[in-house]
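As stored in structure09.cif (mmCIF, C-alpha atoms):
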```
data_final
#
loop_
_atom_site.label_atom_id
_atom_site.label_comp_id
_atom_site.auth_asym_id
_atom_site.auth_seq_id
_atom_site.Cartn_x
_atom_site.Cartn_y
_atom_site.Cartn_z
CA MET N 835 0.00 0.00 0.00
CA PRO N 836 1.53 3.36 -1.00
CA ALA N 837 1.97 5.79 1.91
CA PRO N 838 -1.11 8.07 2.18
CA THR N 839 0.99 11.10 3.15
CA GLY N 840 3.22 10.57 0.10
CA ILE N 841 0.18 10.45 -2.16
CA THR N 842 -1.33 13.56 -0.55
CA ARG N 843 1.98 15.34 -1.10
CA ALA N 844 2.32 14.16 -4.70
CA THR N 845 -1.28 15.14 -5.51
CA LEU N 846 -0.89 18.53 -3.84
CA LEU N 847 2.33 19.26 -5.75
CA LYS N 848 0.68 18.13 -8.98
CA ASP N 849 -2.27 20.51 -8.35
CA LEU N 850 0.01 23.41 -7.51
CA ARG N 851 2.00 22.73 -10.68
CA LEU N 852 -1.17 22.59 -12.80
CA GLU N 853 -2.43 25.84 -11.27
CA TRP N 854 0.94 27.51 -11.75
CA ARG N 855 0.81 26.61 -15.44
CA SER N 856 -2.84 27.39 -16.12
CA LYS N 857 -3.58 30.04 -13.45
CA ASP N 858 -7.26 29.21 -13.99
CA ALA N 859 -8.39 29.45 -10.39
CA ILE N 860 -6.21 32.23 -9.02
CA ASN N 861 -6.87 34.66 -11.89
CA SER N 862 -10.65 34.23 -11.70
CA MET N 863 -10.65 34.56 -7.92
CA LEU N 864 -8.49 37.67 -7.92
CA PHE N 865 -10.53 39.38 -10.60
CA PHE N 866 -13.78 38.55 -8.85
CA SER N 867 -12.77 39.71 -5.38
CA LEU N 868 -11.13 42.83 -6.77
CA LEU N 869 -14.46 43.71 -8.37
CA VAL N 870 -16.25 43.20 -5.06
CA VAL N 871 -13.83 45.50 -3.21
CA VAL N 872 -14.05 48.23 -5.81
CA VAL N 873 -17.84 48.04 -6.26
CA PHE N 874 -18.48 48.05 -2.49
CA SER N 875 -16.07 50.91 -1.92
CA PHE N 876 -17.99 53.00 -4.44
CA SER N 877 -21.36 51.89 -3.03
CA PHE N 878 -20.63 52.83 0.59
CA ASP N 879 -18.72 55.66 2.10
CA PRO N 880 -18.47 54.55 5.72
CA ASN N 881 -16.69 56.34 8.53
CA ALA N 882 -14.07 54.46 10.59
CA GLU N 883 -16.61 53.07 13.08
CA GLU N 884 -19.01 51.86 10.37
CA SER N 885 -16.11 50.32 8.45
CA ARG N 886 -15.18 48.19 11.45
CA ARG N 887 -18.77 46.94 11.72
CA ILE N 888 -19.32 46.04 8.07
CA ALA N 889 -15.84 45.02 6.89
CA GLY N 890 -16.04 41.52 8.41
CA GLY N 891 -19.16 40.73 6.41
CA LEU N 892 -17.87 42.26 3.18
CA ILE N 893 -14.50 40.59 3.25
CA TRP N 894 -15.82 37.10 3.99
CA VAL N 895 -18.62 37.33 1.45
CA ALA N 896 -16.04 38.32 -1.17
CA PHE N 897 -13.78 35.41 -0.21
CA LEU N 898 -16.69 32.96 -0.11
CA PHE N 899 -17.87 33.77 -3.63
CA ALA N 900 -14.30 33.87 -4.95
CA ALA N 901 -13.53 30.50 -3.31
CA VAL N 902 -16.41 28.90 -5.21
CA VAL N 903 -14.56 29.69 -8.45
CA ALA N 904 -11.46 27.82 -7.24
CA LEU N 905 -13.51 24.96 -5.86
CA ASN N 906 -15.20 24.38 -9.20
CA GLN N 907 -11.84 24.43 -10.99
CA THR N 908 -10.18 21.93 -8.71
CA TRP N 909 -12.35 18.99 -9.80
CA ALA N 910 -12.86 20.19 -13.37
CA ARG N 911 -9.21 19.22 -14.00
CA GLU N 912 -9.92 15.71 -12.80
CA ILE N 913 -12.88 15.06 -15.06
CA ARG N 914 -11.17 16.44 -18.17
CA ASN N 915 -9.84 13.29 -19.89
CA GLN N 916 -11.50 11.32 -17.04
CA VAL N 917 -8.26 11.40 -15.07
CA LEU N 918 -10.21 10.70 -11.90
CA ASP N 919 -10.78 7.14 -13.16
CA ALA N 920 -7.01 6.59 -13.17
CA TYR N 921 -7.01 7.51 -9.48
CA ARG N 922 -10.02 5.27 -8.76
CA VAL N 923 -8.40 2.16 -10.27
CA SER N 924 -5.17 2.74 -8.32
CA PRO N 925 -4.54 1.50 -4.76
CA ALA N 926 -4.27 5.12 -3.54
CA PRO N 927 -6.67 5.91 -0.67
CA ALA N 928 -9.56 8.27 -1.38
CA ASN N 929 -8.80 10.44 1.66
CA SER N 930 -5.33 11.28 0.36
CA LEU N 931 -6.94 12.79 -2.71
CA PHE N 932 -9.46 14.70 -0.61
CA LEU N 933 -6.84 16.11 1.74
CA ALA N 934 -4.59 17.13 -1.15
CA LYS N 935 -7.47 18.91 -2.85
CA ALA N 936 -8.59 20.63 0.37
CA ILE N 937 -5.03 21.75 1.21
CA GLY N 938 -4.56 22.94 -2.39
CA ASN N 939 -7.73 24.99 -2.21
CA PHE N 940 -6.63 26.33 1.18
CA VAL N 941 -3.40 27.52 -0.43
CA PHE N 942 -5.24 29.15 -3.37
CA VAL N 943 -7.76 30.94 -1.15
CA GLY N 944 -4.97 31.81 1.30
CA VAL N 945 -2.97 33.47 -1.49
CA LEU N 946 -6.09 35.39 -2.50
CA GLU N 947 -6.63 36.55 1.09
CA CYS N 948 -3.00 37.67 1.40
CA LEU N 949 -3.33 39.74 -1.77
CA MET N 950 -6.79 41.16 -1.12
CA THR N 951 -6.67 41.94 2.61
CA PRO N 952 -4.28 44.92 2.21
CA LEU N 953 -6.65 46.32 -0.42
CA PHE N 954 -9.62 45.95 1.93
CA VAL N 955 -7.65 47.66 4.71
CA MET N 956 -6.73 50.47 2.33
CA PHE N 957 -10.17 51.01 0.78
CA TYR N 958 -12.01 50.88 4.12
CA ARG N 959 -9.26 52.55 6.19
CA LEU N 960 -9.41 49.70 8.70
CA ARG N 961 -7.57 49.78 12.01
CA PRO N 962 -8.49 46.94 14.36
CA LEU N 963 -9.15 47.88 17.98
CA GLY N 964 -8.73 44.26 19.19
CA PRO N 965 -5.69 41.97 19.00
CA THR N 966 -4.69 41.76 15.32
CA TRP N 967 -3.02 38.33 15.69
CA GLN N 968 -6.46 36.85 16.36
CA LEU N 969 -7.43 37.82 12.80
CA LEU N 970 -4.85 35.32 11.59
CA ILE N 971 -6.51 32.53 13.59
CA VAL N 972 -9.92 33.50 12.22
CA ALA N 973 -8.51 33.59 8.69
CA VAL N 974 -6.98 30.10 9.01
CA LEU N 975 -10.02 28.50 10.66
CA GLY N 976 -12.52 30.33 8.42
CA THR N 977 -10.68 29.50 5.22
CA TRP N 978 -10.41 25.84 6.19
CA ALA N 979 -14.15 25.79 6.97
CA LEU N 980 -14.88 27.10 3.46
CA VAL N 981 -12.51 24.83 1.58
CA VAL N 982 -13.12 21.58 3.43
CA ASN N 983 -16.86 21.65 2.78
CA GLY N 984 -16.37 23.26 -0.60
CA THR N 985 -13.99 20.54 -1.76
CA PHE N 986 -16.39 17.87 -0.57
CA PHE N 987 -19.50 19.36 -2.15
CA ALA N 988 -17.65 20.21 -5.36
CA ALA N 989 -16.78 16.50 -5.61
CA MET N 990 -20.42 15.62 -4.92
CA SER N 991 -21.69 17.90 -7.66
CA LEU N 992 -19.00 16.70 -10.08
CA ARG N 993 -21.24 14.39 -12.06
CA THR N 994 -24.26 16.70 -12.15
CA ARG N 995 -24.99 18.56 -15.34
CA SER N 996 -25.15 22.04 -13.76
CA ARG N 997 -22.40 21.60 -11.20
CA GLU N 998 -21.39 25.26 -11.15
CA ILE N 999 -24.83 26.18 -9.84
CA MET N 1000 -25.13 23.07 -7.71
CA LEU N 1001 -22.01 23.81 -5.66
CA PRO N 1002 -23.20 27.11 -4.11
CA LEU N 1003 -26.65 25.60 -3.58
CA LEU N 1004 -25.13 22.80 -1.51
CA LEU N 1005 -22.28 24.74 0.06
CA PHE N 1006 -23.83 28.00 1.23
CA PRO N 1007 -26.59 26.64 3.49
CA ILE N 1008 -24.26 24.25 5.28
CA SER N 1009 -21.64 26.99 5.66
CA ILE N 1010 -23.99 29.37 7.49
CA PRO N 1011 -22.65 28.56 11.00
CA ALA N 1012 -19.08 28.98 9.74
CA ILE N 1013 -19.85 32.24 7.94
CA LEU N 1014 -21.56 33.53 11.05
CA GLY N 1015 -18.47 32.59 13.08
CA MET N 1016 -16.04 34.21 10.61
CA VAL N 1017 -18.00 37.44 10.26
CA GLN N 1018 -18.75 37.83 13.98
CA ALA N 1019 -15.18 36.98 15.01
CA THR N 1020 -13.70 39.41 12.47
CA THR N 1021 -16.11 42.19 13.50
CA ALA N 1022 -15.44 41.53 17.19
CA ILE N 1023 -11.67 41.83 16.66
CA LEU N 1024 -12.03 44.98 14.55
CA THR N 1025 -14.30 46.65 17.12
CA GLY N 1026 -12.25 45.50 20.10
CA GLU N 1027 -14.78 43.03 21.54
CA GLY N 1028 -13.96 39.46 22.54
CA ALA N 1029 -13.94 36.93 19.71
CA ARG N 1030 -13.16 33.76 21.68
CA VAL N 1031 -16.65 32.28 21.48
CA TRP N 1032 -16.72 32.70 17.70
CA ILE N 1033 -13.23 31.26 17.31
CA ALA N 1034 -14.31 28.26 19.41
CA LEU N 1035 -17.37 27.86 17.14
CA LEU N 1036 -15.14 27.92 14.05
CA LEU N 1037 -12.76 25.39 15.55
CA SER N 1038 -15.62 23.02 16.43
CA TYR N 1039 -17.14 23.46 12.97
CA ASP N 1040 -13.80 22.63 11.34
CA LEU N 1041 -13.30 19.51 13.45
CA VAL N 1042 -16.81 18.18 12.86
CA PHE N 1043 -16.91 18.80 9.13
CA THR N 1044 -13.34 17.69 8.42
CA THR N 1045 -14.10 14.39 10.15
CA ALA N 1046 -17.43 13.98 8.35
CA CYS N 1047 -15.90 14.77 4.95
CA LEU N 1048 -13.04 12.31 5.48
CA LEU N 1049 -15.48 9.59 6.51
CA LEU N 1050 -17.79 10.15 3.55
CA PHE N 1051 -15.41 11.02 0.72
CA GLU N 1052 -14.73 7.48 -0.47
CA THR N 1053 -18.46 6.98 -1.05
CA VAL N 1054 -18.61 10.24 -3.02
CA LEU N 1055 -15.54 9.36 -5.09
CA ASN N 1056 -16.87 5.97 -6.09
CA ALA N 1057 -20.45 7.08 -6.75
CA GLU N 1058 -21.59 6.39 -10.32
CA MET M 1064 -1.63 -26.28 -24.81
CA THR M 1065 -0.53 -28.34 -21.79
CA ASP M 1066 -2.87 -30.09 -19.34
CA ALA M 1067 -1.58 -27.86 -16.58
CA HIS M 1068 -2.57 -24.85 -18.64
CA ILE M 1069 -6.05 -26.21 -19.27
CA GLN M 1070 -6.62 -26.96 -15.58
CA SER M 1071 -5.34 -23.60 -14.32
CA PRO M 1072 -8.11 -21.53 -12.74
CA PRO M 1073 -9.42 -18.59 -14.78
CA VAL M 1074 -7.77 -15.25 -14.03
CA VAL M 1075 -11.05 -13.46 -14.72
CA ALA M 1076 -14.51 -14.93 -14.24
CA VAL M 1077 -17.84 -13.17 -14.53
CA SER M 1078 -21.02 -14.85 -13.49
CA ASN M 1079 -24.48 -13.70 -14.53
CA LEU M 1080 -23.23 -10.11 -14.61
CA ILE M 1081 -25.94 -7.51 -14.96
CA LYS M 1082 -25.32 -3.77 -15.12
CA GLN M 1083 -28.21 -1.36 -15.39
CA PHE M 1084 -28.09 2.38 -15.86
CA GLY M 1085 -31.55 3.42 -14.73
CA ARG M 1086 -33.89 1.28 -16.78
CA PHE M 1087 -31.31 0.51 -19.46
CA ALA M 1088 -29.46 -2.75 -19.06
CA ALA M 1089 -25.96 -2.42 -20.54
CA LEU M 1090 -25.00 -5.94 -19.47
CA ARG M 1091 -27.76 -8.56 -19.34
CA GLY M 1092 -26.32 -11.58 -17.58
CA VAL M 1093 -22.80 -12.07 -18.90
CA THR M 1094 -21.18 -15.32 -17.82
CA ALA M 1095 -17.66 -16.10 -18.99
CA GLU M 1096 -14.27 -17.34 -17.83
CA PHE M 1097 -10.93 -16.18 -19.15
CA SER M 1098 -7.66 -17.98 -18.61
CA GLY M 1099 -4.32 -16.29 -18.15
CA SER M 1100 -1.55 -15.28 -20.57
CA LYS M 1101 -3.93 -14.60 -23.43
CA LEU M 1102 -4.93 -11.66 -25.52
CA TYR M 1103 -8.69 -11.32 -25.80
CA ALA M 1104 -10.22 -8.98 -28.36
CA ILE M 1105 -13.69 -7.90 -27.28
CA LEU M 1106 -15.78 -7.03 -30.30
CA GLY M 1107 -19.28 -5.84 -30.99
CA ASP M 1108 -21.33 -2.96 -32.31
CA ASN M 1109 -21.78 0.33 -30.45
CA GLY M 1110 -23.93 -0.26 -27.38
CA ALA M 1111 -23.08 -3.95 -27.18
CA GLY M 1112 -21.76 -3.52 -23.63
CA LYS M 1113 -18.02 -3.85 -24.31
CA THR M 1114 -16.93 -0.72 -22.46
CA THR M 1115 -19.35 -1.38 -19.60
CA LEU M 1116 -17.89 -4.88 -19.22
CA LEU M 1117 -14.36 -3.46 -19.17
CA ARG M 1118 -15.27 -0.72 -16.68
CA THR M 1119 -16.97 -3.29 -14.47
CA LEU M 1120 -13.84 -5.46 -14.56
CA ALA M 1121 -11.82 -2.34 -13.66
CA GLY M 1122 -14.02 -1.70 -10.62
CA LEU M 1123 -15.31 1.58 -12.04
CA ASN M 1124 -18.88 0.32 -12.47
CA ARG M 1125 -20.56 -1.55 -9.64
CA PRO M 1126 -22.49 -4.57 -10.94
CA THR M 1127 -26.24 -4.37 -10.45
CA SER M 1128 -26.09 -8.10 -9.81
CA GLY M 1129 -23.80 -10.99 -10.55
CA GLN M 1130 -20.21 -11.57 -9.64
CA VAL M 1131 -16.79 -10.59 -10.94
CA THR M 1132 -13.73 -12.53 -9.81
CA ILE M 1133 -10.28 -11.28 -10.76
CA LEU M 1134 -7.21 -13.31 -9.79
CA GLY M 1135 -9.38 -15.09 -7.23
CA ALA M 1136 -10.57 -11.89 -5.54
CA GLN M 1137 -14.10 -10.55 -5.61
CA LYS M 1138 -13.17 -7.08 -4.42
CA PHE M 1139 -11.37 -5.09 -7.11
CA HIS M 1140 -9.45 -3.13 -4.49
CA ASP M 1141 -7.69 -6.33 -3.37
CA VAL M 1142 -6.13 -6.82 -6.80
CA CYS M 1143 -6.02 -3.27 -8.19
CA ARG M 1144 -2.20 -3.25 -8.10
CA GLN M 1145 -2.24 -6.10 -10.59
CA VAL M 1146 -4.60 -4.50 -13.07
CA GLY M 1147 -3.77 -1.85 -15.66
CA TYR M 1148 -6.58 0.17 -17.23
CA MET M 1149 -6.55 2.26 -20.38
CA ALA M 1150 -9.76 4.10 -21.18
CA HIS M 1151 -10.96 5.73 -24.37
CA PRO M 1152 -10.06 9.20 -23.00
CA SER M 1153 -6.37 9.51 -22.18
CA LEU M 1154 -6.61 9.66 -18.34
CA LEU M 1155 -3.71 12.11 -18.50
CA TYR M 1156 -3.30 15.75 -17.47
CA ASP M 1157 -3.02 17.90 -20.59
CA GLU M 1158 -0.88 20.54 -18.88
CA MET M 1159 1.90 18.15 -17.84
CA SER M 1160 4.48 16.30 -19.93
CA GLY M 1161 4.24 12.54 -20.42
CA LEU M 1162 7.00 11.87 -17.91
CA GLU M 1163 5.46 14.21 -15.32
CA ASN M 1164 2.13 12.43 -15.74
CA LEU M 1165 3.68 9.01 -15.31
CA GLU M 1166 5.75 10.11 -12.32
CA TYR M 1167 2.55 11.22 -10.60
CA PHE M 1168 0.67 8.01 -11.37
CA ALA M 1169 3.71 5.96 -10.30
CA ARG M 1170 3.42 7.53 -6.83
CA LEU M 1171 -0.17 6.31 -6.60
CA TYR M 1172 1.16 2.75 -6.93
CA GLY M 1173 4.02 3.39 -4.53
CA ILE M 1174 6.59 3.27 -7.35
CA ILE M 1175 9.44 5.60 -6.45
CA ASP M 1176 11.95 4.39 -9.05
CA GLY M 1177 11.78 7.12 -11.69
CA SER M 1178 13.44 4.93 -14.32
CA ARG M 1179 10.27 2.77 -14.48
CA CYS M 1180 8.38 5.73 -15.97
CA ALA M 1181 11.01 6.34 -18.64
CA GLU M 1182 11.04 2.59 -19.44
CA ALA M 1183 7.26 2.52 -19.85
CA ILE M 1184 7.40 5.52 -22.19
CA ARG M 1185 10.17 3.95 -24.27
CA ALA M 1186 8.22 0.68 -24.42
CA VAL M 1187 5.42 2.42 -26.32
CA GLY M 1188 7.84 4.06 -28.70
CA LEU M 1189 7.85 7.56 -27.26
CA ASP M 1190 10.68 9.70 -25.97
CA PRO M 1191 10.67 10.27 -22.20
CA GLU M 1192 12.68 13.47 -22.73
CA LEU M 1193 9.78 15.06 -24.58
CA THR M 1194 9.00 18.14 -22.50
CA ARG M 1195 5.93 19.45 -24.25
CA PRO M 1196 2.63 18.98 -22.43
CA VAL M 1197 0.41 16.03 -23.31
CA GLY M 1198 -2.26 18.49 -24.50
CA GLN M 1199 0.02 19.26 -27.45
CA TYR M 1200 0.52 15.59 -28.41
CA SER M 1201 -1.13 14.11 -31.46
CA GLN M 1202 -4.03 11.77 -30.68
CA GLY M 1203 -1.88 8.76 -31.54
CA MET M 1204 0.89 9.86 -29.16
CA ARG M 1205 -1.68 10.43 -26.46
CA GLN M 1206 -3.02 6.90 -26.92
CA ARG M 1207 0.46 5.46 -26.65
CA MET M 1208 1.23 7.52 -23.55
CA SER M 1209 -2.04 6.29 -22.11
CA LEU M 1210 -0.91 2.72 -22.76
CA ALA M 1211 2.39 3.52 -21.04
CA ARG M 1212 0.41 4.70 -18.00
CA ALA M 1213 -1.54 1.42 -17.96
CA LEU M 1214 1.71 -0.59 -18.16
CA LEU M 1215 3.43 1.42 -15.44
CA ASN M 1216 2.58 -0.85 -12.50
CA ASP M 1217 3.58 -4.00 -14.44
CA PRO M 1218 0.04 -5.40 -14.20
CA LYS M 1219 -0.91 -9.05 -14.62
CA ILE M 1220 -4.14 -8.01 -16.32
CA LEU M 1221 -4.45 -5.21 -18.85
CA LEU M 1222 -7.85 -3.73 -19.68
CA LEU M 1223 -7.70 -1.62 -22.83
CA ASP M 1224 -10.60 0.36 -24.23
CA GLU M 1225 -10.12 1.28 -27.89
CA PRO M 1226 -6.31 1.32 -27.73
CA PHE M 1227 -5.92 1.88 -31.48
CA SER M 1228 -8.45 4.64 -32.06
CA ASN M 1229 -6.91 7.55 -33.99
CA VAL M 1230 -3.54 5.78 -34.12
CA ASP M 1231 -1.89 5.57 -37.55
CA THR M 1232 -1.46 2.11 -39.10
CA HIS M 1233 2.27 1.93 -38.49
CA SER M 1234 2.00 2.92 -34.82
CA ALA M 1235 -0.99 0.61 -34.34
CA ALA M 1236 1.07 -2.31 -35.67
CA ASP M 1237 3.81 -1.38 -33.18
CA MET M 1238 1.24 -1.34 -30.39
CA VAL M 1239 -0.08 -4.77 -31.41
CA ARG M 1240 3.47 -6.14 -31.35
CA LEU M 1241 3.95 -4.67 -27.87
CA LEU M 1242 0.67 -6.23 -26.69
CA ALA M 1243 1.64 -9.63 -28.13
CA HIS M 1244 5.01 -9.35 -26.40
CA THR M 1245 3.29 -8.40 -23.12
CA ARG M 1246 0.97 -11.40 -23.48
CA ASP M 1247 3.96 -13.67 -24.13
CA ALA M 1248 5.45 -12.35 -20.89
CA GLY M 1249 2.50 -13.92 -19.06
CA LYS M 1250 0.02 -11.05 -18.90
CA THR M 1251 -3.65 -11.33 -19.74
CA ILE M 1252 -4.97 -8.61 -22.03
CA PHE M 1253 -8.54 -7.57 -22.80
CA ALA M 1254 -8.76 -5.14 -25.69
CA VAL M 1255 -12.08 -3.59 -26.65
CA THR M 1256 -11.79 -2.48 -30.24
CA HIS M 1257 -13.61 -1.66 -33.44
CA GLN M 1258 -10.40 -2.33 -35.39
CA ALA M 1259 -10.41 -6.09 -34.91
CA ALA M 1260 -8.38 -6.70 -38.06
CA LEU M 1261 -5.35 -5.20 -36.32
CA LEU M 1262 -5.46 -7.99 -33.76
CA GLU M 1263 -5.92 -10.79 -36.26
CA GLY M 1264 -2.94 -13.06 -35.79
CA ALA M 1265 -2.13 -11.58 -32.39
CA ALA M 1266 -5.31 -12.20 -30.40
CA ASP M 1267 -5.85 -15.65 -28.90
CA GLU M 1268 -9.58 -15.28 -28.82
CA PHE M 1269 -12.26 -12.95 -30.16
CA VAL M 1270 -15.11 -12.37 -27.73
CA TRP M 1271 -18.25 -11.23 -29.50
CA MET M 1272 -20.81 -9.13 -27.68
CA LYS M 1273 -24.28 -8.02 -28.65
CA ASP M 1274 -27.04 -6.33 -26.64
CA GLY M 1275 -25.23 -6.77 -23.33
CA LEU M 1276 -24.42 -10.45 -23.80
CA VAL M 1277 -21.43 -12.48 -24.92
CA ILE M 1278 -22.83 -14.20 -28.00
CA GLY M 1279 -19.78 -16.21 -28.89
CA ARG M 1280 -16.04 -16.70 -28.67
CA THR M 1281 -13.96 -17.57 -31.70
CA ARG M 1282 -10.30 -18.25 -32.37
CA ASP M 1283 -10.35 -16.40 -35.66
CA LEU M 1284 -11.94 -13.19 -36.81
CA LYS M 1285 -15.25 -14.63 -37.90
CA PRO M 1286 -18.47 -13.73 -36.14
CA PRO M 1287 -20.00 -16.71 -34.31
CA GLU M 1288 -22.92 -17.04 -36.78
CA GLU M 1289 -20.49 -17.52 -39.66
CA THR M 1290 -18.43 -20.02 -37.65
CA ASN M 1291 -21.50 -22.17 -37.12
#
```

Translate the structure described by the file into structure tokens.
Amino acid sequence: MPAPTGITRATLLKDLRLEWRSKDAINSMLFFSLLVVVVFSFSFDPNAEESRRIAGGLIWVAFLFAAVVALNQTWAREIRNQVLDAYRVSPAPANSLFLAKAIGNFVFVGVLECLMTPLFVMFYRLRPLGPTWQLLIVAVLGTWALVVNGTFFAAMSLRTRSREIMLPLLLFPISIPAILGMVQATTAILTGEGARVWIALLLSYDLVFTTACLLLFETVLNAE
Amino acid sequence: MTDAHIQSPPVVAVSNLIKQFGRFAALRGVTAEFSGSKLYAILGDNGAGKTTLLRTLAGLNRPTSGQVTILGAQKFHDVCRQVGYMAHPSLLYDEMSGLENLEYFARLYGIIDGSRCAEAIRAVGLDPELTRPVGQYSQGMRQRMSLARALLNDPKILLLDEPFSNVDTHSAADMVRLLAHTRDAGKTIFAVTHQAALLEGAADEFVWMKDGLVIGRTRDLKPPEETN
């Protein structure tokens, strides 16, 4: 049996290489979230206090919609030329593929967040009143919450005819607790309130859904 | 053929195999046994069930009912290391070179020795040094690279779906020679094809399918009705 960690690593490196060459996901995500920032900055003209209250919602909604673009791309590569079948006939475990895809998406969305957050800060003149380092924890936990479910549901909608519509339909309702956690935690940190409860919610959400996705992915992969 | 050969258990056996897609039955009770070290050409019109049979043997389609036994195992996962599968699409990433593709798939089988990938590519008559992505290959080159991928894990059983489609006559003849050589090395090969003439002289048996059933097996390229 090939080592699962080795397969996860090989699949992750392969995905990063494919993305580096095609830039399909990252370009679409960047363009989309840039549009959101610019359009919202023209739509509202908030003062510093209002900015702190609405920025959490704006930034996570932008990242959520942009992430959907990457999530759709990640499996599209696998069904082109039916490459997924080559994985299915191999002895490689299903969970290695899932983890590689989820980590890959985490990297793509993470890169997007690193590039877009300074723009958000600049456009909305944001200055957090709470501990800034906690934003990093929220970003990591929130991004993982988006990509772990997104990767799973993107795989589920892979064989449906209108998968690009199906993914948000499946993903958004189940992500509501996570979105609530991300937005409330971000707003609490920006306004100087305590965000521990929301961070704990995000952590619990991540643990529950990562476990559930890992348990169910083999069934999804082998579904006809 | 020796007595020992005749008495050896079949490497692949299907028993009353039925595969339905919704209300359509692609396989309608296929029962057959196939012994080892042979090249079987699976023939039939479009919709006869050839590809479905191959995909079911490869564990990609779950039988609606009936049984598939490969190398004595009823679960495909138990023997997947010993099976090579080549589909009609290439099962390759267009953005990567042939060698990069094979190196990735080698890892899935736990093969770390990089020279195995280069050997497999050379075996199908391609150059492992070719750096251009598979997406820029001709269809024939893609088919051969796909065959190299199927041969990578040195499988005992090779399942090939339309291996010669879009391959020029010269390259197809090379591929047939490679398949015959692989069979002579003790492998069992199932090749679904519409170009049966290419395998005349190389195939040990022609398996004829129609409407989801095996309607006959012949040693030469004559449909069963004509044989009778």

Legend entry - Contact residues (chain M, partner chain N, 6 Å, all atoms listed in the file) as number ranges by chain: M: 1152-1155, 1171-1173

Inset, instruction - To verify the selection step, state as number ranges by chain which residues the PyMOL selection byres ((chain N and resi 899) around 10) yields on this input. - result: N: 863, 866-867, 870, 894-898, 900-904, 1002, 1006

Expected file contents, prior selection, C-alpha atoms, as a PDB file, keeping the file's coordinate frame:
```
ATOM      1  CA  MET N 863     -10.650  34.560  -7.920  1.00  0.00           C
ATOM      2  CA  PHE N 866     -13.780  38.550  -8.850  1.00  0.00           C
ATOM      3  CA  SER N 867     -12.770  39.710  -5.380  1.00  0.00           C
ATOM      4  CA  VAL N 870     -16.250  43.200  -5.060  1.00  0.00           C
ATOM      5  CA  TRP N 894     -15.820  37.100   3.990  1.00  0.00           C
ATOM      6  CA  VAL N 895     -18.620  37.330   1.450  1.00  0.00           C
ATOM      7  CA  ALA N 896     -16.040  38.320  -1.170  1.00  0.00           C
ATOM      8  CA  PHE N 897     -13.780  35.410  -0.210  1.00  0.00           C
ATOM      9  CA  LEU N 898     -16.690  32.960  -0.110  1.00  0.00           C
ATOM     10  CA  ALA N 900     -14.300  33.870  -4.950  1.00  0.00           C
ATOM     11  CA  ALA N 901     -13.530  30.500  -3.310  1.00  0.00           C
ATOM     12  CA  VAL N 902     -16.410  28.900  -5.210  1.00  0.00           C
ATOM     13  CA  VAL N 903     -14.560  29.690  -8.450  1.00  0.00           C
ATOM     14  CA  ALA N 904     -11.460  27.820  -7.240  1.00  0.00           C
ATOM     15  CA  PRO N1002     -23.200  27.110  -4.110  1.00  0.00           C
ATOM     16  CA  PHE N1006     -23.830  28.000   1.230  1.00  0.00           C
TER      17      PHE N1006
END
```

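Distances from N:Thr1021, N:Ala928, N:Glu998, N:Asp879 to Gln907 in chain N were compared using only C-alpha atoms, and the smallest one belongs to N:Glu998.
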
Legend entry - Selection under test: the PyMOL selection byres ((chain M and resi 1264-1271) around 10); residues as a ChimeraX atom specification: /M:1095,1097,1100-1108,1111,1113,1239-1240,1242-1244,1246,1252-1255,1259-1263,1272-1273,1276-1287

Legend entry - Exercise: Val1197 in chain M partners within 10 Å, all atoms listed in the file, chain neighbours under 6 positions left out, as an MDAnalysis selection string: chainID M and resid 1153 1155:1164 1204:1205 1208

Legend entry - Atomic distance CA of Ser1234 in chain M - CA of Leu1221 in chain M, expressed in Å with one decimal: 19.0 Å

Inset, instruction - Please identify all polymer residues within 12 Å of Pro1011 in chain N, counting all atoms listed in the file, omitting same-chain residues fewer than 6 positions from it, and present them as a PyMOL selection string. - result: chain N and resi 976+979-980+1005+1017-1019+1032-1040+1043

Inset, instruction - Would you kindly return, as a VMD selection string, each protein, DNA or RNA residue with an atom no farther than 8 Å from any atom of range 960-965 of chain N, considering all atoms listed in the file and excluding same-chain residues fewer than 5 positions away? - result: chain N and resid 882 885 to 886 954 to 955 1022 to 1028

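Here CA of Gly1099 in chain M is placed at a distance of 26.3 Å from CA of Glu1288 in chain M.
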
Inset, instruction - Using all atoms listed in the file, pick whichever of M:Asp1141, M:Asp1274, M:Glu1192, M:Asp1176 has the shortest atom-to-atom distance to Leu1116 in chain M. - result: M:Asp1274

Legend entry - Ground truth for the PyMOL selection byres ((chain N and resi 950) around 10), written as a ChimeraX atom specification: /N:864,867-868,871,893,896-897,944-949,951-956

Selection from above, C-alpha atoms, as a CSV table (one decimal), in the coordinates of the input, can you write it?
```
chain,number,residue,atom,x,y,z
N,864,LEU,CA,-8.5,37.7,-7.9
N,867,SER,CA,-12.8,39.7,-5.4
N,868,LEU,CA,-11.1,42.8,-6.8
N,871,VAL,CA,-13.8,45.5,-3.2
N,893,ILE,CA,-14.5,40.6,3.2
N,896,ALA,CA,-16.0,38.3,-1.2
N,897,PHE,CA,-13.8,35.4,-0.2
N,944,GLY,CA,-5.0,31.8,1.3
N,945,VAL,CA,-3.0,33.5,-1.5
N,946,LEU,CA,-6.1,35.4,-2.5
N,947,GLU,CA,-6.6,36.6,1.1
N,948,CYS,CA,-3.0,37.7,1.4
N,949,LEU,CA,-3.3,39.7,-1.8
N,951,THR,CA,-6.7,41.9,2.6
N,952,PRO,CA,-4.3,44.9,2.2
N,953,LEU,CA,-6.6,46.3,-0.4
N,954,PHE,CA,-9.6,46.0,1.9
N,955,VAL,CA,-7.6,47.7,4.7
N,956,MET,CA,-6.7,50.5,2.3
```
